[in-house]
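Q: Questions regarding the structure given below will be posed in turn.
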Amino acid sequence: INMRMPFKYKLLVLLFFSTLITSLWSDNIYLLFLFSLGTWCILPFNKWWDGIGATLIFFSFAYCAMQYMHDQTGSGFIYLSMIIAPVAYYRFGSWAICWLEDDKKKLQFLFISILLYLIPVLLLTIQDILIVGFVNESRYLLSDIGKEESTLSATIYGLMSSAGIAFVSIIFAESLKLKEKAVFFSLAAIALVIVVHLINRTGIVLLITSIILSFGYSTGMRLSKVVSSLLLLLLVLVIIIKSGLVSQEIIDAYIERESGTTDNAAELGGRSGKWQAAISDLMSSPLGWKRVGYVHNLWLDLAAVAGWIATIPFVVATINVLKTTFRMIKRNVTPFRLVVVTMVVAMFLNCMVEPVIEASLLFFVLMMFVWGMLKAESEEMVLNH
C-alpha cells in the first residue's frame, strides 16, 4: 500500500484483502458486504464507470428481484450484498489500474490478491495430504482446519484454483527476470497441487489452455507458432507421463474418474445433458424454471433462477469483456496483460462448466474485479498508444 495514499483508500484495500484471505470463512459475506459498501461510499461516484458497470447494476437488481419472486425466501442481507457487490468489485478493479503506476505494480497487486484468495485452500490441501495422501479420491476437502465434519466438494476448490492457474502464463513474459517469474509462477504451482489432489479434470484443461493462449499471445498469435506449441506441448506431456515424473497413483486416479459410466469427459461430466435440457427450458420458461440440481453453467444457471430479464444484461456484459480481451491480444504484450488476459479466459471457461454464483459468490465478484482491471487496462492502453 502506497504510504502517500489517503487513509480511506488504504482502508478500502485492506478490506478487499480481508474478503480474500477469508475466502472459506462461513461469515465471509459480512466482509464482502462491508467492502462493497465501502467502495460505493469511498470511490468517487463520477469515476470508473462504463457500459459494463451500468449493465452489472441492472443485472444485479434483476437477478435478486426474480430470485425473490420465485423463492420469496432468503436473507435480505444476502440480497443486498448481491445487488451492490458485483459492480463494487468491478469498479475497484478499474480504480486499482488507475492507482498503480506501472505494469509490474499491477502484476504484484493481482498476485497478492490471488495468493490471499488461495491461502486457505492451500492450507487445507496440505492438511488433507498429510491425512489421506497426495490424491483424495473422495474429492471432498475440509472447509475448516481441524473440523472433520465440515467439507466442501471439489467444485468450489476447482473454481478457486482457476484464478491461480492463469499465472502459468508468466513463463512467457520476456521482460521479467527468472527469479521474478519463479515467484509469480508459484501461484500456478499452488493451484495445480490443489487440482491434482482433488482429481479435478477441468483444472488440467484450464492449465493446458492457459499455456497455449499465453504462448500465442506472447508470440503475436502467429498460427505457425501456435500449432508448433500444441505439438510440443503434446510431446512434453507424453514424455512426462512415460518417464514416471507423474506418479502412477495420480494417473490411475484420473483414469478411474474417466472410466466412470456417468461422469466421463466425453459427456463433460454429465453436463451436456443438463445443458440441453436447460436450453429447452429457457425457450419454454423465459422467466426461469425450477431446477433439479445445478445446470453447471453460469449463464444457464442464471437463466434458471432469473430468466431472460437478468441473463440478457449479463450476456451483454460478458460479450463486452470478451471483445475487450480480443482487442488486448492485438496490442503489445506486457507481463500484467499476459496474466490478466489468461485469467479472464480461464475464469470464463470455468464458468462454462460450474454454477458460479450459487457455488461461490466471492469467486463471482472476484471475476468482476478482474474484468474491471482488464477493461481499465484496455482503456489506458488505447490512451497511451
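Every chain in the C-alpha cells has a letter given in the order shown (A, B, ...), and although residue numbers restart at 1 in each chain, ligands are simply numbered from 1 in the order shown.
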For the structure I just gave you, how does DSSP split segment 4-243 of chain A - specifically, which residues are strand (DSSP E)? Reply as a VMD selection string.
A: chain A and resid 140 to 142 151 to 153
Q: For segment 44-55 of chain A, please output as a ChimeraX atom specification all residues within 10 Å (counting only C-alpha atoms; exclusion window: fewer than 6 positions along the same chain).
A: /A:86-95,98,310,312-321,368,371-372,375-376
Q: With N, CA, C and O atoms kept, could you save the residues just selected as a short mmCIF file (atom, residue, chain, number, x, y, z; two decimals), in the first residue's frame?
A:
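What landed in again-v2.cif:
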```cif
data_model
loop_
_atom_site.label_atom_id
_atom_site.label_comp_id
_atom_site.auth_asym_id
_atom_site.auth_seq_id
_atom_site.Cartn_x
_atom_site.Cartn_y
_atom_site.Cartn_z
N PRO A 86 -21.25 -6.98 -7.17
CA PRO A 86 -20.61 -7.15 -8.48
C PRO A 86 -20.03 -5.87 -9.05
O PRO A 86 -18.86 -5.83 -9.49
N VAL A 87 -20.81 -4.80 -9.06
CA VAL A 87 -20.31 -3.55 -9.63
C VAL A 87 -19.26 -2.91 -8.72
O VAL A 87 -18.35 -2.23 -9.19
N ALA A 88 -19.34 -3.17 -7.40
CA ALA A 88 -18.34 -2.63 -6.48
C ALA A 88 -16.97 -3.23 -6.77
O ALA A 88 -15.95 -2.52 -6.85
N TYR A 89 -16.91 -4.54 -6.92
CA TYR A 89 -15.63 -5.19 -7.23
C TYR A 89 -15.15 -4.80 -8.62
O TYR A 89 -13.93 -4.64 -8.84
N TYR A 90 -16.05 -4.63 -9.55
CA TYR A 90 -15.68 -4.22 -10.91
C TYR A 90 -15.04 -2.83 -10.88
O TYR A 90 -13.98 -2.61 -11.47
N ARG A 91 -15.68 -1.89 -10.20
CA ARG A 91 -15.14 -0.53 -10.13
C ARG A 91 -13.82 -0.50 -9.36
O ARG A 91 -12.92 0.28 -9.69
N PHE A 92 -13.70 -1.35 -8.33
CA PHE A 92 -12.45 -1.40 -7.58
C PHE A 92 -11.31 -1.88 -8.46
O PHE A 92 -10.18 -1.37 -8.38
N GLY A 93 -11.58 -2.86 -9.33
CA GLY A 93 -10.56 -3.32 -10.27
C GLY A 93 -10.13 -2.21 -11.20
O GLY A 93 -8.93 -2.04 -11.50
N SER A 94 -11.09 -1.41 -11.68
CA SER A 94 -10.76 -0.27 -12.55
C SER A 94 -9.95 0.78 -11.80
O SER A 94 -8.98 1.33 -12.33
N TRP A 95 -10.35 1.04 -10.56
CA TRP A 95 -9.63 2.02 -9.74
C TRP A 95 -8.19 1.57 -9.50
O TRP A 95 -7.25 2.37 -9.55
N CYS A 98 -5.87 2.47 -12.27
CA CYS A 98 -5.57 3.91 -12.28
C CYS A 98 -4.61 4.29 -11.16
O CYS A 98 -3.79 5.19 -11.31
N ALA A 310 -32.59 -11.16 -16.30
CA ALA A 310 -31.26 -10.97 -15.72
C ALA A 310 -30.16 -11.52 -16.62
O ALA A 310 -29.04 -11.01 -16.62
N ILE A 312 -29.91 -11.67 -20.01
CA ILE A 312 -29.53 -10.86 -21.18
C ILE A 312 -28.51 -9.78 -20.82
O ILE A 312 -27.48 -9.65 -21.50
N PRO A 313 -28.73 -8.96 -19.76
CA PRO A 313 -27.71 -7.95 -19.46
C PRO A 313 -26.36 -8.55 -19.09
O PRO A 313 -25.31 -8.00 -19.43
N PHE A 314 -26.38 -9.72 -18.43
CA PHE A 314 -25.10 -10.32 -18.09
C PHE A 314 -24.40 -10.89 -19.33
O PHE A 314 -23.17 -10.84 -19.43
N VAL A 315 -25.17 -11.41 -20.26
CA VAL A 315 -24.60 -11.87 -21.53
C VAL A 315 -23.98 -10.69 -22.28
O VAL A 315 -22.89 -10.79 -22.84
N VAL A 316 -24.67 -9.54 -22.26
CA VAL A 316 -24.14 -8.33 -22.90
C VAL A 316 -22.81 -7.93 -22.27
O VAL A 316 -21.84 -7.61 -22.96
N ALA A 317 -22.75 -7.95 -20.93
CA ALA A 317 -21.51 -7.61 -20.23
C ALA A 317 -20.40 -8.60 -20.57
O ALA A 317 -19.25 -8.22 -20.79
N THR A 318 -20.74 -9.89 -20.64
CA THR A 318 -19.75 -10.92 -20.98
C THR A 318 -19.19 -10.71 -22.37
O THR A 318 -17.97 -10.80 -22.58
N ILE A 319 -20.06 -10.44 -23.33
CA ILE A 319 -19.61 -10.20 -24.71
C ILE A 319 -18.68 -8.99 -24.77
O ILE A 319 -17.66 -9.00 -25.47
N ASN A 320 -19.03 -7.94 -24.03
CA ASN A 320 -18.19 -6.74 -23.98
C ASN A 320 -16.80 -7.07 -23.45
O ASN A 320 -15.78 -6.61 -24.00
N VAL A 321 -16.74 -7.88 -22.39
CA VAL A 321 -15.45 -8.27 -21.81
C VAL A 321 -14.64 -9.12 -22.80
O VAL A 321 -13.43 -8.93 -22.95
N MET A 368 -15.44 -10.26 -11.35
CA MET A 368 -15.80 -8.90 -11.73
C MET A 368 -14.63 -7.94 -11.49
O MET A 368 -14.39 -7.02 -12.28
N TRP A 371 -12.36 -8.43 -14.36
CA TRP A 371 -12.97 -7.75 -15.52
C TRP A 371 -12.67 -6.26 -15.47
O TRP A 371 -12.35 -5.64 -16.49
N GLY A 372 -12.82 -5.67 -14.28
CA GLY A 372 -12.57 -4.23 -14.12
C GLY A 372 -11.12 -3.88 -14.44
O GLY A 372 -10.84 -2.86 -15.10
N LYS A 375 -10.67 -4.11 -18.31
CA LYS A 375 -11.29 -3.00 -19.04
C LYS A 375 -10.50 -1.71 -18.86
O LYS A 375 -10.26 -0.98 -19.83
N ALA A 376 -10.08 -1.42 -17.62
CA ALA A 376 -9.32 -0.19 -17.37
C ALA A 376 -7.95 -0.23 -18.04
O ALA A 376 -7.49 0.77 -18.57
#
```
Q: Given only C-alpha atoms as the basis, pick out the residue of A:Cys351, A:Ala85, A:Ile255, A:Cys64 nearest to Leu300 of chain A.
A: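 Checking each candidate against Leu300 of chain A, we get A:Cys351 as the closest.
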Q: Could you work out how far atom CA of Val340 of chain A lies from atom CA of Lys105 of chain A, giving the answer in Å with one decimal?
A: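 So the two atoms, atom CA of Lys105 of chain A and atom CA of Val340 of chain A, lie 13.2 Å apart.
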Q: Ranking A:Leu298, A:Glu137, A:Pro355, A:Phe185 by minimum distance to Glu256 of chain A and counting only C-alpha atoms, which one comes first?
A: A:Glu137
Q: Report the closest atom pair, with its distance in Å rounded to one decimal, for each residue of segment 30-109 of chain A that has an atom no farther than 9 Å from segment 324-339 of chain A; count only C-alpha atoms, sort by chain and then rising residue number, and write it as a tab-separated table.
A:
```
residue	atom	partner	partner_atom	distance
A:Asp103	CA	A:Phe336	CA	5.9
A:Lys104	CA	A:Phe336	CA	6.9
A:Lys105	CA	A:Phe336	CA	8.8
A:Lys106	CA	A:Phe336	CA	6.5
A:Leu107	CA	A:Phe336	CA	4.9
A:Gln108	CA	A:Phe336	CA	8.6
```
Q: Please produce a file of those selected residues containing N, CA and C atoms, as a PDB file, in the first residue's frame.
A:
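New file out_32.pdb:
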```pdb
ATOM      1  N   ASP A 103       3.378  -1.416 -14.886  1.00  0.00           N
ATOM      2  CA  ASP A 103       2.931  -2.777 -15.173  1.00  0.00           C
ATOM      3  C   ASP A 103       3.307  -3.743 -14.066  1.00  0.00           C
ATOM      4  N   LYS A 104       4.512  -3.615 -13.533  1.00  0.00           N
ATOM      5  CA  LYS A 104       4.955  -4.558 -12.505  1.00  0.00           C
ATOM      6  C   LYS A 104       4.138  -4.422 -11.229  1.00  0.00           C
ATOM      7  N   LYS A 105       3.779  -3.196 -10.852  1.00  0.00           N
ATOM      8  CA  LYS A 105       2.970  -2.997  -9.654  1.00  0.00           C
ATOM      9  C   LYS A 105       1.563  -3.562  -9.845  1.00  0.00           C
ATOM     10  N   LYS A 106       1.029  -3.431 -11.036  1.00  0.00           N
ATOM     11  CA  LYS A 106      -0.282  -4.028 -11.328  1.00  0.00           C
ATOM     12  C   LYS A 106      -0.211  -5.548 -11.180  1.00  0.00           C
ATOM     13  N   LEU A 107       0.866  -6.133 -11.703  1.00  0.00           N
ATOM     14  CA  LEU A 107       1.048  -7.579 -11.615  1.00  0.00           C
ATOM     15  C   LEU A 107       1.218  -8.014 -10.165  1.00  0.00           C
ATOM     16  N   GLN A 108       1.977  -7.259  -9.392  1.00  0.00           N
ATOM     17  CA  GLN A 108       2.186  -7.589  -7.984  1.00  0.00           C
ATOM     18  C   GLN A 108       0.882  -7.516  -7.198  1.00  0.00           C
TER      19      GLN A 108
END
```
Q: Compile the contact shell of Gly158 of chain A as number ranges by chain: residues with an atom at most 7 Å away, counting only C-alpha atoms, same-chain residues fewer than 5 positions apart removed.
A: A: 195, 200, 203
Q: Within 8 Å of Thr155 of chain A, counting only C-alpha atoms, which residues show up once you throw out same-chain ones fewer than 2 positions away? Write them as JSON, numbers by chain, please.
A: {"A": [153, 157, 158, 159, 354, 359]}
Q: With only C-alpha atoms as the counted atoms, please give the residues lying no more than 10 Å from Gly133 of chain A, apart from itself and same-chain residues fewer than 6 positions off, as a list in words.
A: Ile126, Gln127 and His197 of chain A
Q: DSSP on the backbone: what in segment 270-385 of chain A comes out helix (DSSP H, G or I), as a VMD selection string?
A: chain A and resid 271 to 284 298 to 329 335 to 351 356 to 359 361 to 384
Q: Counting only C-alpha atoms, what is within 12 Å of Ile279 of chain A, bar same-chain residues fewer than 2 positions away, as a PyMOL selection string?
A: chain A and resi 272-277+281-286+288-289+295+297+299-304+307-308
Q: Write to file, as an mmCIF file, in the first residue's frame, the residues of the selection just made, with N, CA and C atoms.
A:
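Saved the output as result_17.cif:
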```
data_model
loop_
_atom_site.group_PDB
_atom_site.id
_atom_site.type_symbol
_atom_site.label_atom_id
_atom_site.label_comp_id
_atom_site.auth_asym_id
_atom_site.auth_seq_id
_atom_site.Cartn_x
_atom_site.Cartn_y
_atom_site.Cartn_z
ATOM 1 N N SER A 272 -23.459 -32.105 -20.432
ATOM 2 C CA SER A 272 -24.055 -31.851 -21.750
ATOM 3 C C SER A 272 -25.563 -32.091 -21.746
ATOM 4 N N GLY A 273 -25.991 -33.145 -21.067
ATOM 5 C CA GLY A 273 -27.435 -33.415 -20.980
ATOM 6 C C GLY A 273 -28.161 -32.330 -20.213
ATOM 7 N N LYS A 274 -27.542 -31.840 -19.141
ATOM 8 C CA LYS A 274 -28.160 -30.759 -18.356
ATOM 9 C C LYS A 274 -28.265 -29.482 -19.184
ATOM 10 N N TRP A 275 -27.245 -29.208 -19.987
ATOM 11 C CA TRP A 275 -27.272 -28.003 -20.817
ATOM 12 C C TRP A 275 -28.388 -28.073 -21.863
ATOM 13 N N GLN A 276 -28.536 -29.223 -22.482
ATOM 14 C CA GLN A 276 -29.581 -29.385 -23.489
ATOM 15 C C GLN A 276 -30.962 -29.187 -22.876
ATOM 16 N N ALA A 277 -31.167 -29.761 -21.689
ATOM 17 C CA ALA A 277 -32.456 -29.610 -21.008
ATOM 18 C C ALA A 277 -32.686 -28.158 -20.604
ATOM 19 N N ASP A 281 -35.657 -25.567 -21.575
ATOM 20 C CA ASP A 281 -36.443 -24.866 -20.545
ATOM 21 C C ASP A 281 -36.387 -23.359 -20.741
ATOM 22 N N LEU A 282 -35.256 -22.863 -21.185
ATOM 23 C CA LEU A 282 -35.094 -21.435 -21.397
ATOM 24 C C LEU A 282 -36.057 -20.928 -22.470
ATOM 25 N N MET A 283 -36.276 -21.748 -23.488
ATOM 26 C CA MET A 283 -37.193 -21.364 -24.551
ATOM 27 C C MET A 283 -38.644 -21.382 -24.082
ATOM 28 N N SER A 284 -38.973 -22.349 -23.221
ATOM 29 C CA SER A 284 -40.366 -22.505 -22.788
ATOM 30 C C SER A 284 -40.689 -21.736 -21.513
ATOM 31 N N SER A 285 -39.651 -21.363 -20.740
ATOM 32 C CA SER A 285 -39.879 -20.657 -19.470
ATOM 33 C C SER A 285 -38.951 -19.439 -19.393
ATOM 34 N N PRO A 286 -39.262 -18.380 -20.109
ATOM 35 C CA PRO A 286 -38.354 -17.215 -20.183
ATOM 36 C C PRO A 286 -38.179 -16.469 -18.866
ATOM 37 N N GLY A 288 -37.670 -18.090 -15.993
ATOM 38 C CA GLY A 288 -36.986 -19.000 -15.080
ATOM 39 C C GLY A 288 -37.787 -20.258 -14.836
ATOM 40 N N TRP A 289 -37.154 -21.250 -14.252
ATOM 41 C CA TRP A 289 -37.824 -22.524 -14.004
ATOM 42 C C TRP A 289 -37.207 -23.202 -12.788
ATOM 43 N N VAL A 295 -27.348 -26.543 -13.239
ATOM 44 C CA VAL A 295 -27.110 -26.787 -14.665
ATOM 45 C C VAL A 295 -25.603 -26.889 -14.950
ATOM 46 N N ASN A 297 -23.490 -24.316 -15.516
ATOM 47 C CA ASN A 297 -23.088 -23.304 -16.488
ATOM 48 C C ASN A 297 -23.599 -21.979 -15.942
ATOM 49 N N TRP A 299 -24.283 -19.001 -17.101
ATOM 50 C CA TRP A 299 -25.323 -18.269 -17.802
ATOM 51 C C TRP A 299 -26.656 -19.033 -17.785
ATOM 52 N N LEU A 300 -26.599 -20.353 -17.911
ATOM 53 C CA LEU A 300 -27.825 -21.150 -17.870
ATOM 54 C C LEU A 300 -28.386 -21.234 -16.448
ATOM 55 N N ASP A 301 -27.505 -21.276 -15.446
ATOM 56 C CA ASP A 301 -27.989 -21.258 -14.063
ATOM 57 C C ASP A 301 -28.624 -19.909 -13.739
ATOM 58 N N LEU A 302 -28.063 -18.820 -14.290
ATOM 59 C CA LEU A 302 -28.692 -17.511 -14.134
ATOM 60 C C LEU A 302 -30.079 -17.515 -14.764
ATOM 61 N N ALA A 303 -30.190 -18.095 -15.944
ATOM 62 C CA ALA A 303 -31.468 -18.138 -16.646
ATOM 63 C C ALA A 303 -32.500 -18.940 -15.859
ATOM 64 N N ALA A 304 -32.062 -20.032 -15.227
ATOM 65 C CA ALA A 304 -32.989 -20.846 -14.446
ATOM 66 C C ALA A 304 -33.534 -20.072 -13.252
ATOM 67 N N GLY A 307 -34.386 -16.027 -15.327
ATOM 68 C CA GLY A 307 -34.928 -15.891 -16.670
ATOM 69 C C GLY A 307 -34.135 -14.931 -17.544
ATOM 70 N N TRP A 308 -34.770 -14.571 -18.658
ATOM 71 C CA TRP A 308 -34.123 -13.689 -19.632
ATOM 72 C C TRP A 308 -33.817 -12.310 -19.054
#
```
Q: Just want the 12 Å neighbourhood of Leu20 of chain A, counted on only C-alpha atoms, with same-chain residues fewer than 5 positions away dropped. Output as a count of residues only.
A: 28
Q: Name the closest residue to Thr202 of chain A among the candidates A:Ala173, A:Met82, A:Val135, A:Ile165; distances are taken between atoms, counting only C-alpha atoms.
A: A:Ile165
Q: Could you tell me which of A:Ala306, A:Ile171, A:Ile129, A:Ile204 comes closest to Tyr254 of chain A if we count only C-alpha atoms?
A: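 Checking each of A:Ala306, A:Ile171, A:Ile129, A:Ile204 against Tyr254 of chain A, counting only C-alpha atoms, the winner is A:Ile204.
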Q: Quick one: of A:Leu122, A:Leu176, A:Ala278, A:Ala253, who's nearest to Val305 of chain A, counting only C-alpha atoms?
A: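 Among the listed residues, A:Ala278 lies closest to Val305 of chain A.
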Q: Tell me which of A:Tyr294, A:Phe7, A:Phe61, A:Tyr217 sits closest to Glu358 of chain A, counting only C-alpha atoms.
A: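 Counting only C-alpha atoms, the residue closest to Glu358 of chain A is A:Tyr294.
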